Amino acid sequence: MYVADVPNRNSPPAILLRESYRLDGEVKSRTLANISHLPAHQIEALRLALKGKLPSVTASLPDSFLISRSRPHGHVAAVLGSLRKLKLDSILDPHPSRQRDLVIAMIVARILDPTSKLATARGLHSDTLHSSLGELLDLDSAGETELYNAMDWLLPRQERIEQELAKRHLSDGSLVLYDLTSTYFEGRHCPLAKLGHSRDDKAGKLQIVFGLLTNPRGCPVAVEVFDGNTGDPKTVASQVKKLRERFSLQHVVLVGDRGMITSARIRQDLPTSHGIDWISALRASQIQVLVRDGKLQMSLFDKTDLVEIAHPAFSGERLVACYNPLLAEERARKRPDLLAATEKQLEKIAVATRRPKRPLRGKSNIGIRAGKVLNRYKMGKHFQLRIEEDSFHYERKKANIESEQSLDGIYVIRTSVKAEALSSQQVVESYKSLSGVERAFRSLKTVDLHVRPIHHRLPERVRAHILLCMLAYYVEWHMRQQLAPLLFDDHDKPQAQAARTSIVAPAKRSPAAERKALTKMTDDGLKAHSFQTLLGDLATIVKNRIQPNGQTTSAFDMLTTPTTIQQKALDLLGVPLLTSALGKSFPLAFL
């Protein structure tokens, strides 16, 4: 077959599809169809196809197709696929429903682009979408009211969700890490929002407090929201009850910092008869008691950096004293600078009381200014102040300073765990594992998920918001473990632990992680990423809606071919690209 141009006198030539054949040894031709009505680019494409030159059709593709819409897809496929691989959708609710899909969408969106519920709804809707998420979950008509209703649907399921996570990640005899943080609140109409100690340096703003339970590796299991003025120790009792009654754990070791697990909490909330052992640390004033009574001396650390001691004031407890010379050097370096900075500001107050024009007067006014200075640098314990109505005097407490200097680099871990269960080194290692919860808070509050600021007014909505953020971090935590070879994260921690000379010494990254940090390349020769930049890279895998110009061919979807790094990330996660368009063949009907 071939395409023939037949002259037609004063009219345009006729374009005919013809076929050649032999009859009695003579070459003849017959017309199969008149294709003069076809567009010129289609006629040319057919002419080339009949000559066996189909690949060159690509030269006419820009005129043959229209891309009607592009939806960033790869990052959605990675996060949504990871969530489903973890079977978090079944944990939310075993039965599929639109409410469950809306919650899943909010969890995925919190990882991809943490914004308000209104902005999240805009990102799902077909008219304003900025990814394929709404399309994949069939939520391309969702509104913000539906999202709020889905949050109300989620909150009553929190206990069951946390119980399922506890079954996965906690067991009798295991370590449970617990820590508390706060975040600021926008508005003044939520009963949970109170004035209290701000960990975000947002003095004067209302805030809420929430505590996080994780397994020893930092994987989140449960979260609880408290009033913004709740002290750390007051939250311990509810966590003990949760571990014992809701999670049905007969024996666990609760790890908390010195401000959390205090002596009072140990007596009231953590009796050994409850099956809850604990690991915490002594406050500076308690360490001073050990020094005063001769139980803790620098000579103990002449040959070792870790020693177990005892004191009558801590009957039934094990005390593990540690000395870190690098920590001692750091504290010795910072203290003089902080003292000097505090004195400089206090001197300004003293000068203000002596100036001839509008001098600073009144004990309360002087005291307020002095308090701000002492709180700024946390050096109030090292200064003696004398405030009068018309004067202000200050001096250093040299004995206090020297006493603190003598303890630089020393900290003492306290625990109820018996020696046959955990050695001294394991006790210290367990306490240091609290850094995993601190990493979770950094991710939740600043780096990735941006739990703050909180705008919800109803207490139930605030709790649901925090729960959504915790579930998003649950997905992210697992993704980070699998993507570690591509990230700047340390993917060879056992090697780093093996190279560590002492558990008291600062943790070090593995040689493989150091190479990544230095070269910015992975062991496979690929560019190393942060978690967020890798998601941004995956977002360039786009789902294009393509409309052929031919009237008989319907629109179809086509995905961007993944790069080497993108394919490696998807392989590490073990997730597909989650689209039915992958299996479609390229249509030729446009010819």
# chains A, B, ... in the order shown; residues from 1 in each chain; ligands from 1
>>> select_by_dssp(residues="range 108-322 of chain A", states="strand (DSSP E or B)", output="number ranges by chain")
A: 175-185, 194, 207-214, 220-226, 252-255, 276-281, 306-309, 318-322
>>> residues_around(residues="range 105-108 of chain A", least_positions_apart="6", cutoff="7 Å", atoms="only C-alpha atoms", output="VMD selection string")
chain A and resid 79 to 80 468 471 to 472
>>> write_last_selection(atoms="all heavy atoms", output="short mmCIF file (atom, residue, chain, number, x, y, z; two decimals), in the first residue's frame")
data_model
loop_
_atom_site.label_atom_id
_atom_site.label_comp_id
_atom_site.auth_asym_id
_atom_site.auth_seq_id
_atom_site.Cartn_x
_atom_site.Cartn_y
_atom_site.Cartn_z
N VAL A 79 4.20 8.21 49.30
CA VAL A 79 3.66 8.32 50.66
C VAL A 79 2.40 7.48 50.82
O VAL A 79 2.25 6.73 51.79
CB VAL A 79 3.38 9.80 51.01
CG1 VAL A 79 2.75 9.90 52.40
CG2 VAL A 79 4.67 10.61 50.94
N LEU A 80 1.47 7.59 49.86
CA LEU A 80 0.24 6.82 49.95
C LEU A 80 0.52 5.32 49.87
O LEU A 80 -0.09 4.52 50.59
CB LEU A 80 -0.72 7.24 48.83
CG LEU A 80 -2.11 6.58 48.83
CD1 LEU A 80 -2.83 6.82 50.15
CD2 LEU A 80 -2.95 7.10 47.66
N LEU A 468 -3.58 13.39 63.97
CA LEU A 468 -3.24 13.32 62.55
C LEU A 468 -1.74 13.53 62.33
O LEU A 468 -1.11 12.83 61.52
CB LEU A 468 -4.03 14.38 61.77
CG LEU A 468 -5.48 14.07 61.44
CD1 LEU A 468 -6.17 15.32 60.88
CD2 LEU A 468 -5.59 12.94 60.44
N LEU A 471 0.14 10.39 63.37
CA LEU A 471 0.02 9.32 62.38
C LEU A 471 0.86 9.64 61.13
O LEU A 471 1.43 8.74 60.51
CB LEU A 471 -1.44 9.14 61.99
CG LEU A 471 -2.36 8.62 63.12
CD1 LEU A 471 -3.81 8.64 62.68
CD2 LEU A 471 -1.95 7.22 63.56
N ALA A 472 0.93 10.92 60.77
CA ALA A 472 1.79 11.31 59.64
C ALA A 472 3.25 11.02 59.96
O ALA A 472 4.00 10.53 59.11
CB ALA A 472 1.58 12.79 59.32
#
>>> select_by_dssp(residues="range 33-134 of chain A", states="helix (DSSP H, G or I)", output="PyMOL selection string")
chain A and resi 40-50+54-64+74-85+88-92+98-112+117-124+133-134
>>> closest_residue(among="A:Ala78, A:Leu83, A:Leu212, A:Val417", to="Leu483 in chain A", atoms="only C-alpha atoms")
A:Ala78
>>> closest_residue(among="A:Ser502, A:Asn215, A:Ser132, A:Asn365", to="Ala539 in chain A", atoms="only C-alpha atoms")
A:Ser132
>>> residues_around(residues="Asp138 in chain A", least_positions_apart="6", cutoff="10 Å", atoms="only C-alpha atoms", output="ChimeraX atom specification")
/A:98,101-102,124-126,132
>>> write_last_selection(atoms="C-alpha atoms", output="tab-separated table (two decimals), in the first residue's frame")
chain	number	residue	atom	x	y	z
A	98	ARG	CA	-15.23	8.10	52.44
A	101	ASP	CA	-10.24	8.14	52.78
A	102	LEU	CA	-10.52	11.75	53.92
A	124	LEU	CA	-7.80	17.71	46.64
A	125	HIS	CA	-10.53	19.36	44.58
A	126	SER	CA	-10.48	18.74	40.82
A	132	SER	CA	-2.92	13.41	42.08
>>> decode(residues="range 275-407 of chain A", atoms="C-alpha atoms", output="PDB file, in the first residue's frame")
ATOM      1  CA  GLY A 275       4.981  -3.621  87.032  1.00  0.00           C
ATOM      2  CA  ILE A 276       6.371  -0.343  85.663  1.00  0.00           C
ATOM      3  CA  ASP A 277      10.117   0.103  86.034  1.00  0.00           C
ATOM      4  CA  TRP A 278      11.640   3.421  85.070  1.00  0.00           C
ATOM      5  CA  ILE A 279      14.836   5.174  83.997  1.00  0.00           C
ATOM      6  CA  SER A 280      15.446   8.882  84.599  1.00  0.00           C
ATOM      7  CA  ALA A 281      18.205  11.213  85.813  1.00  0.00           C
ATOM      8  CA  LEU A 282      19.032  13.243  88.919  1.00  0.00           C
ATOM      9  CA  ARG A 283      18.654  17.001  89.081  1.00  0.00           C
ATOM     10  CA  ALA A 284      21.691  19.183  89.793  1.00  0.00           C
ATOM     11  CA  SER A 285      20.605  19.751  93.405  1.00  0.00           C
ATOM     12  CA  GLN A 286      20.373  15.990  93.963  1.00  0.00           C
ATOM     13  CA  ILE A 287      23.835  15.479  92.487  1.00  0.00           C
ATOM     14  CA  GLN A 288      25.130  18.112  94.923  1.00  0.00           C
ATOM     15  CA  VAL A 289      23.840  15.940  97.782  1.00  0.00           C
ATOM     16  CA  LEU A 290      25.919  13.013  96.493  1.00  0.00           C
ATOM     17  CA  VAL A 291      29.009  15.247  96.320  1.00  0.00           C
ATOM     18  CA  ARG A 292      28.424  16.713  99.784  1.00  0.00           C
ATOM     19  CA  ASP A 293      28.128  13.253 101.316  1.00  0.00           C
ATOM     20  CA  GLY A 294      31.269  12.006  99.577  1.00  0.00           C
ATOM     21  CA  LYS A 295      29.488   9.470  97.371  1.00  0.00           C
ATOM     22  CA  LEU A 296      30.447  11.237  94.132  1.00  0.00           C
ATOM     23  CA  GLN A 297      34.006  12.396  93.545  1.00  0.00           C
ATOM     24  CA  MET A 298      36.043  13.158  90.440  1.00  0.00           C
ATOM     25  CA  SER A 299      38.554  10.488  91.454  1.00  0.00           C
ATOM     26  CA  LEU A 300      35.922   7.868  90.552  1.00  0.00           C
ATOM     27  CA  PHE A 301      36.475   8.733  86.910  1.00  0.00           C
ATOM     28  CA  ASP A 302      40.262   8.405  86.840  1.00  0.00           C
ATOM     29  CA  LYS A 303      40.111   5.107  84.904  1.00  0.00           C
ATOM     30  CA  THR A 304      36.543   4.971  83.657  1.00  0.00           C
ATOM     31  CA  ASP A 305      33.811   7.342  82.542  1.00  0.00           C
ATOM     32  CA  LEU A 306      30.988   5.335  84.123  1.00  0.00           C
ATOM     33  CA  VAL A 307      30.553   4.029  87.655  1.00  0.00           C
ATOM     34  CA  GLU A 308      27.616   2.737  89.679  1.00  0.00           C
ATOM     35  CA  ILE A 309      27.154   4.209  93.157  1.00  0.00           C
ATOM     36  CA  ALA A 310      24.582   4.124  95.972  1.00  0.00           C
ATOM     37  CA  HIS A 311      23.134   6.609  98.477  1.00  0.00           C
ATOM     38  CA  PRO A 312      20.641   6.188 101.348  1.00  0.00           C
ATOM     39  CA  ALA A 313      18.451   8.963  99.934  1.00  0.00           C
ATOM     40  CA  PHE A 314      17.806   6.787  96.886  1.00  0.00           C
ATOM     41  CA  SER A 315      17.105   3.489  98.551  1.00  0.00           C
ATOM     42  CA  GLY A 316      16.201   0.668  96.182  1.00  0.00           C
ATOM     43  CA  GLU A 317      17.525   2.570  93.182  1.00  0.00           C
ATOM     44  CA  ARG A 318      20.605   2.137  91.050  1.00  0.00           C
ATOM     45  CA  LEU A 319      22.628   5.299  90.403  1.00  0.00           C
ATOM     46  CA  VAL A 320      24.942   5.311  87.379  1.00  0.00           C
ATOM     47  CA  ALA A 321      27.316   8.293  87.397  1.00  0.00           C
ATOM     48  CA  CYS A 322      28.833   9.328  84.054  1.00  0.00           C
ATOM     49  CA  TYR A 323      31.578  11.788  83.122  1.00  0.00           C
ATOM     50  CA  ASN A 324      31.845  13.246  79.622  1.00  0.00           C
ATOM     51  CA  PRO A 325      34.952  15.456  79.230  1.00  0.00           C
ATOM     52  CA  LEU A 326      33.659  16.988  75.992  1.00  0.00           C
ATOM     53  CA  LEU A 327      30.461  18.034  77.775  1.00  0.00           C
ATOM     54  CA  ALA A 328      32.566  19.455  80.626  1.00  0.00           C
ATOM     55  CA  GLU A 329      34.631  21.478  78.153  1.00  0.00           C
ATOM     56  CA  GLU A 330      31.504  22.824  76.442  1.00  0.00           C
ATOM     57  CA  ARG A 331      29.883  23.910  79.696  1.00  0.00           C
ATOM     58  CA  ALA A 332      33.129  25.505  80.926  1.00  0.00           C
ATOM     59  CA  ARG A 333      33.321  27.462  77.671  1.00  0.00           C
ATOM     60  CA  LYS A 334      29.719  28.705  77.683  1.00  0.00           C
ATOM     61  CA  ARG A 335      29.335  29.634  81.366  1.00  0.00           C
ATOM     62  CA  PRO A 336      31.711  32.655  81.414  1.00  0.00           C
ATOM     63  CA  ASP A 337      30.028  34.064  78.285  1.00  0.00           C
ATOM     64  CA  LEU A 338      26.551  33.686  79.807  1.00  0.00           C
ATOM     65  CA  LEU A 339      27.655  35.220  83.099  1.00  0.00           C
ATOM     66  CA  ALA A 340      29.259  38.170  81.297  1.00  0.00           C
ATOM     67  CA  ALA A 341      26.165  38.708  79.126  1.00  0.00           C
ATOM     68  CA  THR A 342      23.938  38.626  82.222  1.00  0.00           C
ATOM     69  CA  GLU A 343      26.153  41.112  84.073  1.00  0.00           C
ATOM     70  CA  LYS A 344      26.095  43.459  81.088  1.00  0.00           C
ATOM     71  CA  GLN A 345      22.312  43.577  81.098  1.00  0.00           C
ATOM     72  CA  LEU A 346      22.081  43.856  84.901  1.00  0.00           C
ATOM     73  CA  GLU A 347      24.508  46.789  84.800  1.00  0.00           C
ATOM     74  CA  LYS A 348      22.143  48.570  82.414  1.00  0.00           C
ATOM     75  CA  ILE A 349      19.415  48.280  85.046  1.00  0.00           C
ATOM     76  CA  ALA A 350      21.735  49.631  87.738  1.00  0.00           C
ATOM     77  CA  VAL A 351      22.679  52.584  85.513  1.00  0.00           C
ATOM     78  CA  ALA A 352      18.995  53.252  84.826  1.00  0.00           C
ATOM     79  CA  THR A 353      18.359  53.698  88.561  1.00  0.00           C
ATOM     80  CA  ARG A 354      21.166  56.312  88.784  1.00  0.00           C
ATOM     81  CA  ARG A 355      20.507  58.397  85.687  1.00  0.00           C
ATOM     82  CA  PRO A 356      19.510  62.039  86.378  1.00  0.00           C
ATOM     83  CA  LYS A 357      16.570  62.098  83.954  1.00  0.00           C
ATOM     84  CA  ARG A 358      13.625  59.793  84.475  1.00  0.00           C
ATOM     85  CA  PRO A 359      15.470  57.286  86.660  1.00  0.00           C
ATOM     86  CA  LEU A 360      14.071  53.775  87.081  1.00  0.00           C
ATOM     87  CA  ARG A 361      12.134  53.644  90.363  1.00  0.00           C
ATOM     88  CA  GLY A 362      10.046  51.136  92.293  1.00  0.00           C
ATOM     89  CA  LYS A 363      10.906  47.634  93.492  1.00  0.00           C
ATOM     90  CA  SER A 364       8.344  46.023  91.223  1.00  0.00           C
ATOM     91  CA  ASN A 365       9.540  47.843  88.092  1.00  0.00           C
ATOM     92  CA  ILE A 366      13.187  47.078  88.805  1.00  0.00           C
ATOM     93  CA  GLY A 367      12.357  43.470  89.681  1.00  0.00           C
ATOM     94  CA  ILE A 368      10.460  42.896  86.427  1.00  0.00           C
ATOM     95  CA  ARG A 369      13.383  44.082  84.336  1.00  0.00           C
ATOM     96  CA  ALA A 370      15.864  42.038  86.351  1.00  0.00           C
ATOM     97  CA  GLY A 371      13.689  38.940  86.031  1.00  0.00           C
ATOM     98  CA  LYS A 372      13.623  39.233  82.248  1.00  0.00           C
ATOM     99  CA  VAL A 373      17.422  39.346  82.153  1.00  0.00           C
ATOM    100  CA  LEU A 374      17.862  36.344  84.443  1.00  0.00           C
ATOM    101  CA  ASN A 375      15.300  34.276  82.515  1.00  0.00           C
ATOM    102  CA  ARG A 376      16.921  35.134  79.190  1.00  0.00           C
ATOM    103  CA  TYR A 377      20.272  33.596  80.060  1.00  0.00           C
ATOM    104  CA  LYS A 378      19.154  31.152  82.792  1.00  0.00           C
ATOM    105  CA  MET A 379      21.838  32.482  85.143  1.00  0.00           C
ATOM    106  CA  GLY A 380      19.633  33.624  88.035  1.00  0.00           C
ATOM    107  CA  LYS A 381      21.002  30.977  90.415  1.00  0.00           C
ATOM    108  CA  HIS A 382      24.470  32.496  90.127  1.00  0.00           C
ATOM    109  CA  PHE A 383      23.583  36.088  91.123  1.00  0.00           C
ATOM    110  CA  GLN A 384      22.617  37.742  94.387  1.00  0.00           C
ATOM    111  CA  LEU A 385      20.288  40.713  93.824  1.00  0.00           C
ATOM    112  CA  ARG A 386      19.419  43.572  96.178  1.00  0.00           C
ATOM    113  CA  ILE A 387      16.491  45.664  95.002  1.00  0.00           C
ATOM    114  CA  GLU A 388      15.458  48.899  96.690  1.00  0.00           C
ATOM    115  CA  GLU A 389      12.926  51.540  95.709  1.00  0.00           C
ATOM    116  CA  ASP A 390      15.604  53.710  94.145  1.00  0.00           C
ATOM    117  CA  SER A 391      18.623  51.432  93.693  1.00  0.00           C
ATOM    118  CA  PHE A 392      19.706  48.078  92.305  1.00  0.00           C
ATOM    119  CA  HIS A 393      22.798  46.033  93.214  1.00  0.00           C
ATOM    120  CA  TYR A 394      24.008  42.621  92.050  1.00  0.00           C
ATOM    121  CA  GLU A 395      26.974  40.339  92.586  1.00  0.00           C
ATOM    122  CA  ARG A 396      28.021  36.861  91.588  1.00  0.00           C
ATOM    123  CA  LYS A 397      27.529  33.912  93.921  1.00  0.00           C
ATOM    124  CA  LYS A 398      31.077  32.638  93.619  1.00  0.00           C
ATOM    125  CA  ALA A 399      30.460  29.582  95.775  1.00  0.00           C
ATOM    126  CA  ASN A 400      27.519  28.532  93.599  1.00  0.00           C
ATOM    127  CA  ILE A 401      29.527  28.983  90.439  1.00  0.00           C
ATOM    128  CA  GLU A 402      32.493  27.012  91.757  1.00  0.00           C
ATOM    129  CA  SER A 403      30.191  24.260  92.982  1.00  0.00           C
ATOM    130  CA  GLU A 404      28.595  23.935  89.559  1.00  0.00           C
ATOM    131  CA  GLN A 405      31.971  24.025  87.835  1.00  0.00           C
ATOM    132  CA  SER A 406      33.104  21.050  89.903  1.00  0.00           C
ATOM    133  CA  LEU A 407      30.268  19.001  88.355  1.00  0.00           C
TER     134      LEU A 407
END
